[in-house]
>>> print(open('run-v3.txt').read())   # compact mmCIF, C-alpha atoms
# COMPACT_ATOMS: atom_id res chain seq x y z
CA MET A 23 -22.43 -0.56 -20.83
CA LYS A 24 -22.01 -3.36 -18.28
CA ILE A 25 -24.50 -3.32 -15.41
CA TYR A 26 -21.82 -3.06 -12.72
CA ILE A 27 -20.27 -0.03 -14.43
CA LEU A 28 -23.68 1.60 -14.89
CA ILE A 29 -24.53 1.16 -11.21
CA GLY A 30 -21.16 2.56 -10.14
CA TYR A 31 -21.51 5.67 -12.30
CA LEU A 32 -25.10 6.13 -11.11
CA ILE A 33 -23.95 6.11 -7.47
CA ILE A 34 -21.32 8.75 -8.23
CA LEU A 35 -23.89 10.87 -10.10
CA LEU A 36 -26.34 10.67 -7.20
CA TYR A 37 -23.54 11.48 -4.75
CA ALA A 38 -22.55 14.57 -6.76
CA THR A 39 -26.18 15.67 -7.05
CA ALA A 40 -26.71 15.28 -3.30
CA CYS A 41 -23.56 17.27 -2.53
CA ALA A 42 -24.70 20.14 -4.76
CA PHE A 43 -28.32 20.02 -3.53
CA PHE A 44 -27.57 19.86 0.20
CA ALA A 45 -24.68 22.32 0.18
CA PRO A 46 -25.56 25.19 2.56
CA SER A 47 -26.31 28.57 0.99
CA ASN A 48 -23.11 30.14 2.27
CA ILE A 49 -21.13 27.51 0.33
CA GLY A 50 -23.25 27.12 -2.80
CA PRO A 51 -23.71 24.09 -5.09
CA LEU A 52 -20.41 24.38 -7.01
CA ALA A 53 -18.30 24.69 -3.88
CA GLY A 54 -20.40 21.93 -2.32
CA LEU A 55 -19.65 19.71 -5.28
CA ALA A 56 -15.92 20.50 -5.00
CA ILE A 57 -15.88 19.74 -1.27
CA GLY A 58 -17.79 16.51 -1.85
CA ALA A 59 -15.36 15.47 -4.58
CA GLY A 60 -12.34 16.14 -2.36
CA TYR A 61 -13.86 14.14 0.51
CA PHE A 62 -14.78 11.29 -1.82
CA ILE A 63 -11.39 11.01 -3.55
CA PHE A 64 -9.34 11.31 -0.36
CA PHE A 65 -11.21 8.65 1.63
CA TRP A 66 -11.62 6.32 -1.36
CA PHE A 67 -7.84 6.43 -1.86
CA LEU A 68 -7.09 5.96 1.85
CA ALA A 69 -9.45 2.98 2.01
CA GLY A 70 -7.86 1.49 -1.11
CA VAL A 71 -4.34 1.73 0.31
CA TYR A 72 -5.54 0.31 3.64
CA LEU A 73 -7.58 -2.59 2.28
CA ALA A 74 -6.18 -3.54 -1.11
CA ASP A 75 -2.52 -2.83 -0.47
CA VAL A 76 -1.78 -3.05 3.26
CA LEU A 77 -4.33 -5.56 4.60
CA HIS A 78 -4.71 -7.62 1.43
CA LEU A 79 -1.27 -7.99 -0.14
CA GLY A 80 0.74 -6.89 2.89
CA ILE A 81 -0.85 -8.95 5.67
CA ALA A 82 -3.41 -11.45 4.35
CA HIS A 83 -1.12 -12.84 1.61
CA ARG A 84 2.29 -11.66 2.86
CA SER A 85 3.26 -10.66 -0.68
CA LEU A 86 4.53 -7.24 0.43
CA ASP A 87 6.46 -6.05 3.45
CA PHE A 88 5.28 -2.59 4.51
CA ARG A 89 7.05 -0.60 7.19
CA PRO A 90 5.27 -1.39 10.49
CA TRP A 91 4.74 2.28 11.40
CA PHE A 92 3.08 2.86 8.02
CA VAL A 93 0.78 -0.15 8.45
CA LYS A 94 -0.38 1.10 11.85
CA ALA A 95 -0.71 4.72 10.74
CA VAL A 96 -2.87 3.82 7.72
CA THR A 97 -4.99 1.46 9.85
CA LEU A 98 -5.64 4.14 12.46
CA ALA A 99 -6.24 6.93 9.93
CA ASN A 100 -8.72 4.96 7.85
CA ASN A 101 -10.66 3.58 10.80
CA ILE A 102 -10.80 6.84 12.74
CA PHE A 103 -11.51 9.27 9.91
CA GLY A 104 -12.78 7.08 7.04
CA ILE A 105 -14.87 3.97 6.46
CA TYR A 106 -14.36 1.50 9.29
CA VAL A 107 -13.17 -2.01 8.40
CA GLY A 108 -12.08 -4.25 11.27
CA PRO A 109 -8.56 -5.39 10.30
CA VAL A 110 -8.34 -8.72 12.13
CA GLU A 111 -11.81 -9.82 11.07
CA TRP A 112 -11.17 -8.77 7.47
CA VAL A 113 -7.88 -10.69 7.22
CA ASN A 114 -9.51 -13.81 8.67
CA ARG A 115 -12.51 -13.58 6.33
CA HIS A 116 -10.27 -13.07 3.33
CA ARG A 117 -8.09 -16.07 4.09
CA LEU A 118 -11.20 -18.21 4.58
CA HIS A 119 -12.54 -16.84 1.28
CA HIS A 120 -9.48 -18.21 -0.50
CA LYS A 121 -9.55 -21.50 1.38
CA TYR A 122 -13.24 -22.16 0.67
CA SER A 123 -13.96 -19.88 -2.27
CA ASP A 124 -17.64 -19.97 -3.34
CA ARG A 125 -18.43 -23.05 -1.26
CA GLU A 126 -19.31 -23.93 2.33
CA GLY A 127 -16.92 -22.10 4.66
CA ASP A 128 -16.55 -18.99 2.48
CA PRO A 129 -17.87 -16.09 4.59
CA ASN A 130 -18.34 -13.83 1.55
CA LYS A 131 -20.55 -15.74 -0.87
CA LEU A 132 -21.61 -19.26 -1.74
CA ASP A 133 -22.04 -20.49 -5.31
CA GLN A 134 -25.85 -20.30 -5.15
CA ASP A 135 -26.03 -16.83 -3.59
CA GLY A 136 -27.54 -14.28 -5.96
CA PHE A 137 -27.32 -10.50 -6.15
CA TRP A 138 -29.56 -9.59 -3.21
CA ARG A 139 -28.18 -12.30 -0.94
CA THR A 140 -24.62 -11.18 -1.67
CA LEU A 141 -25.58 -7.55 -1.05
CA TYR A 142 -26.86 -8.60 2.37
CA LEU A 143 -23.67 -10.60 3.00
CA CYS A 144 -21.52 -7.53 2.27
CA MET A 145 -23.01 -6.03 5.43
CA PHE A 146 -23.66 -9.21 7.43
CA PRO A 147 -21.30 -11.95 6.19
CA TYR A 148 -21.49 -15.62 7.08
CA ALA A 149 -19.87 -16.44 10.41
CA CYS A 150 -16.21 -17.45 10.27
CA THR A 151 -15.72 -21.02 11.42
CA GLU A 152 -11.93 -20.87 11.81
CA ASN A 153 -9.35 -18.38 12.98
CA LEU A 154 -6.64 -17.92 10.37
CA ALA A 155 -5.56 -14.46 11.56
CA ARG A 156 -2.91 -15.13 14.19
CA ASP A 157 -0.15 -12.93 12.76
CA GLU A 158 2.02 -11.08 15.26
CA ILE A 159 1.07 -7.65 13.92
CA LEU A 160 -2.63 -8.48 14.30
CA GLN A 161 -2.02 -9.03 18.02
CA SER A 162 -0.48 -5.55 18.42
CA ARG A 163 -2.25 -2.90 20.50
CA THR A 164 -3.09 -0.90 17.37
CA PHE A 165 -4.88 -3.79 15.69
CA ARG A 166 -6.61 -4.96 18.87
CA LEU A 167 -7.89 -1.43 19.42
CA CYS A 168 -9.11 -1.06 15.84
CA SER A 169 -10.89 -4.41 16.01
CA SER A 170 -13.09 -3.59 19.02
CA ASN A 171 -16.80 -2.88 18.59
CA LEU A 172 -16.57 0.10 20.94
CA PHE A 173 -13.82 1.62 18.81
CA MET A 174 -15.89 1.07 15.66
CA ALA A 175 -18.95 2.81 17.10
CA ALA A 176 -16.99 5.67 18.65
CA THR A 177 -14.93 6.45 15.55
CA GLN A 178 -17.90 6.50 13.19
CA VAL A 179 -19.81 8.88 15.47
CA PHE A 180 -16.63 10.94 15.77
CA ASN A 181 -15.82 11.19 12.06
CA PHE A 182 -19.40 12.10 11.14
CA SER A 183 -19.47 14.73 13.89
CA LEU A 184 -16.12 16.08 12.73
CA LEU A 185 -17.35 16.31 9.14
CA TRP A 186 -20.51 18.06 10.34
CA PHE A 187 -18.39 20.53 12.35
CA ILE A 188 -16.09 21.27 9.40
CA VAL A 189 -18.82 21.85 6.78
CA GLY A 190 -21.27 23.41 9.25
CA ASP A 191 -24.36 21.59 8.02
CA ALA A 192 -25.75 18.20 9.08
CA LYS A 193 -27.58 17.42 5.83
CA PHE A 194 -24.54 18.24 3.71
CA ALA A 195 -22.32 16.14 5.96
CA ALA A 196 -24.81 13.25 5.82
CA ALA A 197 -24.93 13.40 2.00
CA MET A 198 -21.15 12.91 1.82
CA TRP A 199 -20.89 10.43 4.69
CA ILE A 200 -23.71 8.16 3.53
CA GLY A 201 -22.86 8.50 -0.18
CA MET A 202 -19.26 7.45 0.44
CA ARG A 203 -20.44 4.29 2.19
CA ILE A 204 -22.90 3.42 -0.56
CA PHE A 205 -20.03 3.63 -3.04
CA ALA A 206 -17.95 1.39 -0.75
CA LEU A 207 -20.80 -1.11 -0.79
CA TRP A 208 -20.72 -1.10 -4.61
CA VAL A 209 -16.95 -1.74 -4.52
CA ASN A 210 -17.61 -4.67 -2.20
CA MET A 211 -20.24 -6.03 -4.59
CA VAL A 212 -17.80 -5.82 -7.52
CA GLN A 213 -15.38 -7.99 -5.57
CA ASN A 214 -17.86 -10.39 -3.96
CA TYR A 215 -20.62 -10.71 -6.55
CA TRP A 216 -19.74 -9.59 -10.07
CA THR A 217 -16.23 -11.10 -10.00
CA HIS A 218 -17.56 -14.32 -8.46
CA THR A 219 -20.42 -14.90 -10.89
CA ARG A 220 -19.44 -16.56 -14.14
CA GLU A 221 -21.84 -14.51 -16.26
CA PHE A 222 -19.57 -11.49 -15.87
CA GLY A 223 -15.96 -10.79 -16.81
CA TYR A 224 -13.44 -13.23 -18.29
CA ARG A 225 -11.26 -16.09 -17.11
CA ARG A 226 -7.56 -16.40 -17.85
CA TYR A 227 -7.29 -19.62 -15.84
CA ASP A 228 -9.96 -22.31 -16.00
CA ASP A 229 -9.95 -23.20 -12.30
CA GLU A 230 -12.92 -25.35 -11.40
CA THR A 231 -12.58 -24.87 -7.65
CA ASP A 232 -14.12 -21.36 -7.67
CA ASN A 233 -16.10 -18.88 -9.75
CA ALA A 234 -13.46 -16.14 -9.74
CA MET A 235 -13.57 -13.88 -12.80
CA ASN A 236 -11.51 -10.96 -14.06
CA ILE A 237 -13.24 -7.64 -14.67
CA GLY A 238 -10.78 -5.43 -16.50
CA GLU A 239 -12.53 -2.17 -17.39
CA TRP A 240 -10.86 1.04 -16.26
CA PHE A 241 -13.54 2.17 -13.80
CA PRO A 242 -13.93 -0.96 -11.64
CA VAL A 243 -10.18 -1.68 -11.71
CA THR A 244 -9.44 1.83 -10.45
CA ALA A 245 -12.26 1.83 -7.91
CA THR A 246 -11.21 -1.52 -6.39
CA PHE A 247 -7.43 -0.97 -6.60
CA SER A 248 -7.38 -3.94 -9.06
CA ALA A 249 -9.18 -6.32 -6.68
CA CYS A 250 -11.63 -7.11 -9.49
CA LEU A 251 -8.91 -9.14 -11.26
CA GLN A 252 -10.10 -12.07 -9.16
CA ASN A 253 -9.40 -14.95 -11.52
CA ASN A 254 -5.73 -13.95 -11.74
CA HIS A 255 -5.53 -13.45 -8.00
CA HIS A 256 -7.21 -16.72 -7.01
CA HIS A 257 -4.96 -18.69 -9.35
CA TYR A 258 -1.79 -17.17 -7.82
CA PRO A 259 -2.86 -15.46 -4.57
CA ASN A 260 0.68 -14.71 -3.34
CA LEU A 261 1.87 -12.82 -6.40
CA LEU A 262 2.43 -9.15 -5.55
CA ARG A 263 0.52 -7.90 -8.60
CA LEU A 264 -2.97 -8.86 -9.73
CA SER A 265 -2.48 -8.18 -13.43
CA HIS A 266 -0.91 -11.11 -15.27
CA SER A 267 -0.37 -9.41 -18.61
CA GLU A 268 0.99 -6.04 -19.68
CA SER A 269 -2.32 -5.51 -21.49
CA GLU A 270 -4.22 -5.60 -18.17
CA TYR A 271 -4.60 -2.23 -16.47
CA ASP A 272 -3.54 -2.49 -12.81
CA PHE A 273 -4.17 0.60 -10.70
CA GLY A 274 -3.38 -1.14 -7.44
CA PHE A 275 0.07 -2.13 -8.70
CA LEU A 276 0.75 1.48 -9.68
CA THR A 277 0.07 2.60 -6.10
CA ILE A 278 2.37 -0.11 -4.75
CA ARG A 279 5.17 0.98 -7.05
CA ALA A 280 4.66 4.59 -5.92
CA MET A 281 4.91 3.52 -2.27
CA LYS A 282 8.04 1.54 -3.05
CA SER A 283 9.64 4.67 -4.52
CA LEU A 284 8.92 6.39 -1.19
CA GLY A 285 10.61 3.57 0.73
CA LEU A 286 7.36 2.40 2.37
CA VAL A 287 7.25 -1.15 1.04
CA ALA A 288 9.43 -3.96 -0.27
CA ALA A 289 8.54 -7.28 -1.85
CA THR A 290 8.63 -10.52 0.10
CA LYS A 291 10.26 -13.62 -1.36
CA LYS A 292 6.91 -15.32 -1.99
CA GLY A 293 5.50 -12.19 -3.62
CA THR A 294 8.17 -12.15 -6.33
CA VAL A 295 7.89 -15.76 -7.53
CA LEU A 296 6.75 -15.38 -11.15
CA PRO A 297 5.08 -18.61 -12.36
CA ARG A 298 5.91 -19.80 -15.88
CA ASP A 299 2.34 -19.62 -17.16
CA VAL A 300 1.95 -15.92 -16.25
CA PRO A 301 2.60 -14.02 -19.51
CA LEU A 302 4.88 -11.37 -17.99
CA SER A 303 8.57 -11.07 -18.78
CA SER A 304 9.10 -9.54 -15.31
CA LEU A 305 7.04 -8.26 -12.41
CA GLY A 306 8.09 -4.68 -13.09
CA PHE A 307 8.57 -4.00 -9.38
>>> encode(input="run-v3.txt", output="structure tokens")
Amino acid sequence: MKIYILIGYLIILLYATACAFFAPSNIGPLAGLAIGAGYFIFFWFLAGVYLADVLHLGIAHRSLDFRPWFVKAVTLANNIFGIYVGPVEWVNRHRLHHKYSDREGDPNKLDQDGFWRTLYLCMFPYACTENLARDEILQSRTFRLCSSNLFMAATQVFNFSLLWFIVGDAKFAAAMWIGMRIFALWVNMVQNYWTHTREFGYRRYDDETDNAMNIGEWFPVTATFSACLQNNHHHYPNLLRLSHSESEYDFGFLTIRAMKSLGLVAATKKGTVLPRDVPLSSLGF
């Protein structure tokens, strides 16, 4: 088993164990495990839609055109009730990551950065030296609010307090709240470290300008909403899907198609340009 998969499963096992162990007596370990699982799945999915679909493909790369009310609703819901991620800062960092991938100017990781350095950078990234996030929607009141440090601090205190109030036990709430964020850190490491270190994964395109790799196993692809198909994505960053072959499992694309069926998103012109060397007969969108 690959080390990144082993670590991910271990985090989930420890999370489940903590939920069962710290569940208050009036709930019991099985109900505690069920509550923990529901909390985990709901906020993992919300964060995936927010980051991988809306911020990433919708705003950072303009491959998808989401309904504005949906963009703002998902941004508020995730940052108030889930794991906070500043939208303007994230979009800027991601665009700089593509512009300077794995070299000076990339706020996520440099070529020489190892595991522990990248882990640190997931929490305290390199400073951004340019502002590439000037989109109109990022200047809206919703995005300005969600990007403030005061909002970040207030919402995280609020959502932990709300969780504590709902489950009625501080230790049980802390087990879920902290465990969810440790899993999010692992997801970040899959994207920033394991898919940007050439010892892991595979390369469809032999681009020498970065270290982007594809990791295609079911678990990391699902957990990251397909963001671990980095070699594909870096080669054609504006394509609305990250899988470049029907044989590649693409959970993120499945969620986008589901949202399209609900009338929440449409493709942009740049998102539908299918390059000749991508082995797909159609985008399937």
>>> residues_around(input="run-v3.txt", residues="range 40-56 of chain A", least_positions_apart="2", cutoff="6 Å", atoms="only C-alpha atoms", output="MDAnalysis selection string")
chainID A and resid 37:38 58:59 194 197
>>> write_last_selection(input="run-v3.txt", atoms="C-alpha atoms", output="compact mmCIF listing (two decimals), in the frame of the given file")
# COMPACT_ATOMS: atom_id res chain seq x y z
CA TYR A 37 -23.54 11.48 -4.75
CA ALA A 38 -22.55 14.57 -6.76
CA GLY A 58 -17.79 16.51 -1.85
CA ALA A 59 -15.36 15.47 -4.58
CA PHE A 194 -24.54 18.24 3.71
CA ALA A 197 -24.93 13.40 2.00
>>> residues_near_point(input="run-v3.txt", point="(-6.0, -12.3, 10.3)", cutoff="8 Å", atoms="only C-alpha atoms", output="ChimeraX atom specification")
/A:81-82,109-115,117,153-157,160
>>> atom_distance(input="run-v3.txt", atom1="CA of Ala206 in chain A", atom2="CA of Ile33 in chain A")
10.2 Å
>>> axis_aligned_box(input="run-v3.txt", around="range 251-255 of chain A", padding_each_side="4 Å", output="lines of an AutoDock Vina configuration file")
center_x = -7.8
center_y = -12.0
center_z = -9.9
size_x = 12.6
size_y = 13.8
size_z = 11.7
>>> residues_around(input="run-v3.txt", residues="range 123-126 of chain A", least_positions_apart="4", cutoff="10 Å", atoms="all atoms listed in the file", output="PDB file with C-alpha atoms, in the coordinates of the input")
ATOM      1  CA  HIS A 116     -10.270 -13.070   3.330  1.00  0.00           C
ATOM      2  CA  ARG A 117      -8.090 -16.070   4.090  1.00  0.00           C
ATOM      3  CA  LEU A 118     -11.200 -18.210   4.580  1.00  0.00           C
ATOM      4  CA  HIS A 119     -12.540 -16.840   1.280  1.00  0.00           C
ATOM      5  CA  ASN A 130     -18.340 -13.830   1.550  1.00  0.00           C
ATOM      6  CA  LYS A 131     -20.550 -15.740  -0.870  1.00  0.00           C
ATOM      7  CA  LEU A 132     -21.610 -19.260  -1.740  1.00  0.00           C
ATOM      8  CA  ASP A 133     -22.040 -20.490  -5.310  1.00  0.00           C
ATOM      9  CA  GLN A 134     -25.850 -20.300  -5.150  1.00  0.00           C
ATOM     10  CA  ASP A 135     -26.030 -16.830  -3.590  1.00  0.00           C
ATOM     11  CA  TYR A 148     -21.490 -15.620   7.080  1.00  0.00           C
ATOM     12  CA  ASN A 214     -17.860 -10.390  -3.960  1.00  0.00           C
ATOM     13  CA  HIS A 218     -17.560 -14.320  -8.460  1.00  0.00           C
ATOM     14  CA  THR A 219     -20.420 -14.900 -10.890  1.00  0.00           C
ATOM     15  CA  THR A 231     -12.580 -24.870  -7.650  1.00  0.00           C
ATOM     16  CA  ASP A 232     -14.120 -21.360  -7.670  1.00  0.00           C
ATOM     17  CA  ASN A 233     -16.100 -18.880  -9.750  1.00  0.00           C
ATOM     18  CA  ALA A 234     -13.460 -16.140  -9.740  1.00  0.00           C
ATOM     19  CA  HIS A 256      -7.210 -16.720  -7.010  1.00  0.00           C
TER      20      HIS A 256
END
>>> residues_around(input="run-v3.txt", residues="Gly30 in chain A", least_positions_apart="2", cutoff="12 Å", atoms="only C-alpha atoms", output="list of chain:residue names")
A:Met23, A:Lys24, A:Ile25, A:Tyr26, A:Ile27, A:Leu28, A:Leu32, A:Ile33, A:Ile34, A:Leu35, A:Leu36, A:Tyr37, A:Gly201, A:Met202, A:Ile204, A:Phe205, A:Ala206, A:Leu207, A:Trp208, A:Val209, A:Asn210, A:Met211, A:Val212, A:Phe241, A:Pro242, A:Val243, A:Thr244, A:Ala245, A:Thr246
>>> atom_distance(input="run-v3.txt", atom1="CA of Phe180 in chain A", atom2="CA of Tyr61 in chain A")
15.8 Å
>>> closest_residue(input="run-v3.txt", among="A:Asp75, A:Leu185, A:Phe67, A:Phe307", to="Ala249 in chain A", atoms="all atoms listed in the file")
A:Asp75
>>> residues_around(input="run-v3.txt", residues="Gly104 in chain A", least_positions_apart="4", cutoff="12 Å", atoms="all atoms listed in the file", output="MDAnalysis selection string")
chainID A and resid 61:70 72:73 96:100 174 177:182 184:185 198:200 202:203 206
>>> closest_residue(input="run-v3.txt", among="A:Leu262, A:Ala74, A:Ile188, A:Ile29", to="Ile57 in chain A", atoms="all atoms listed in the file")
A:Ile188
>>> atom_distance(input="run-v3.txt", atom1="CA of Ala289 in chain A", atom2="CA of Leu79 in chain A")
10.0 Å
>>> closest_residue(input="run-v3.txt", among="A:Val93, A:Ala176, A:Leu302, A:Ala192", to="His78 in chain A", atoms="only C-alpha atoms")
A:Val93
>>> closest_residue(input="run-v3.txt", among="A:Ala149, A:Phe103, A:Glu270, A:Pro90", to="Phe173 in chain A", atoms="all atoms listed in the file")
A:Phe103
>>> residues_around(input="run-v3.txt", residues="Phe273 in chain A", least_positions_apart="3", cutoff="6 Å", atoms="only C-alpha atoms", output="list in words")
Thr244, Phe247, Ser248 and Leu276 of chain A
>>> closest_residue(input="run-v3.txt", among="A:Tyr215, A:Tyr227, A:Tyr271, A:Tyr31", to="Trp240 in chain A", atoms="all atoms listed in the file")
A:Tyr271
>>> closest_residue(input="run-v3.txt", among="A:Cys144, A:Ser85, A:Asp228, A:Lys121", to="Leu264 in chain A", atoms="all atoms listed in the file")
A:Ser85
>>> residues_near_point(input="run-v3.txt", point="(9.4, -3.1, -12.6)", cutoff="12 Å", atoms="all atoms listed in the file", output="list in words")
Leu262, Arg263, Glu268, Phe275, Leu276, Ile278, Arg279, Ala280, Lys282, Ser283, Ala289, Thr294, Leu302, Ser303, Ser304, Leu305, Gly306 and Phe307 of chain A
